[in-house]
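J.: Questions regarding the structure given below will be posed in turn.
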Amino acid sequence: MGNCVFCEKIKNEDLPTDGVCVWFTPLNPVVKGHLLVVPVKHVKDFSESWEVSMATMATASVIAKKMKNVNLITSKGELATQSIKHLHIHLVPRRRNDKLKLPWSSPN
């Protein structure tokens with residue numbers, strides 16, 4: 001897909017893969033261990049192809065089994081904070097007192 005930063009990364013870098021997805025640390029990880037899981041096939045978001053979305057979720061699930069506490073986050077559309085128009089799932093490991101606050105986090 002023209003000018004897609006993830007498609008370029010997939011094409012030009014040697015990334016871990018299961019043949020369906022790749023995974024890597026984002027440019028600005030929010031905590032140690034933050035990963036992006038990205039399908040090799042370009043789809044703009046999770047609603048474009050249920051087959052690709054489910055395969056991406058399956059890969060994320062396998063990776064997340066190694067994490068004790070983790071947020072799994074994906075977005076659709078600019079107002080939902082999607083900045084790259086290529087489906088991707090954030091796996092964000094959580095640790096006690098990591099100070100990461102999500103919009104729906106309790107104030108404690």
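Identifiers for the structure tokens are assigned positionally: chains receive A, B, ... in sequence, residues are indexed from 1 per chain, and ligands are indexed from 1 in the order shown.
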Give the alpha helix (DSSP H) residues of segment 6-73 of chain A, as DSSP finds them on the backbone, and put them as an NGL selection string.

T.: :A and (6-12 or 50-64)

J.: From the set A:Leu87, A:Ala58, A:Leu36, A:Ala80, which residue has the shortest atom-to-atom contact distance to Pro16 of chain A, counting only C-alpha atoms?

T.: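 When distances to Pro16 of chain A are compared using only C-alpha atoms, the smallest one comes from A:Leu36.
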
J.: Between A:Leu79, A:Val62, A:Val52, A:Ile73, which one has atoms that come closest to His34 of chain A, using only C-alpha atoms?

T.: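 Using only C-alpha atoms, His34 of chain A sits closest to A:Ile73.
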
J.: Kindly give the distance, in Å, that separates atom CA of Val43 of chain A and atom CA of His88 of chain A, rounded to a single decimal.

T.: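 Atom-to-atom, atom CA of Val43 of chain A to atom CA of His88 of chain A, that is 9.3 Å.
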
J.: Please indicate the distance in Å from atom CA of Leu15 of chain A to atom CA of Leu35 of chain A, rounded to one decimal place.

T.: 12.2 Å
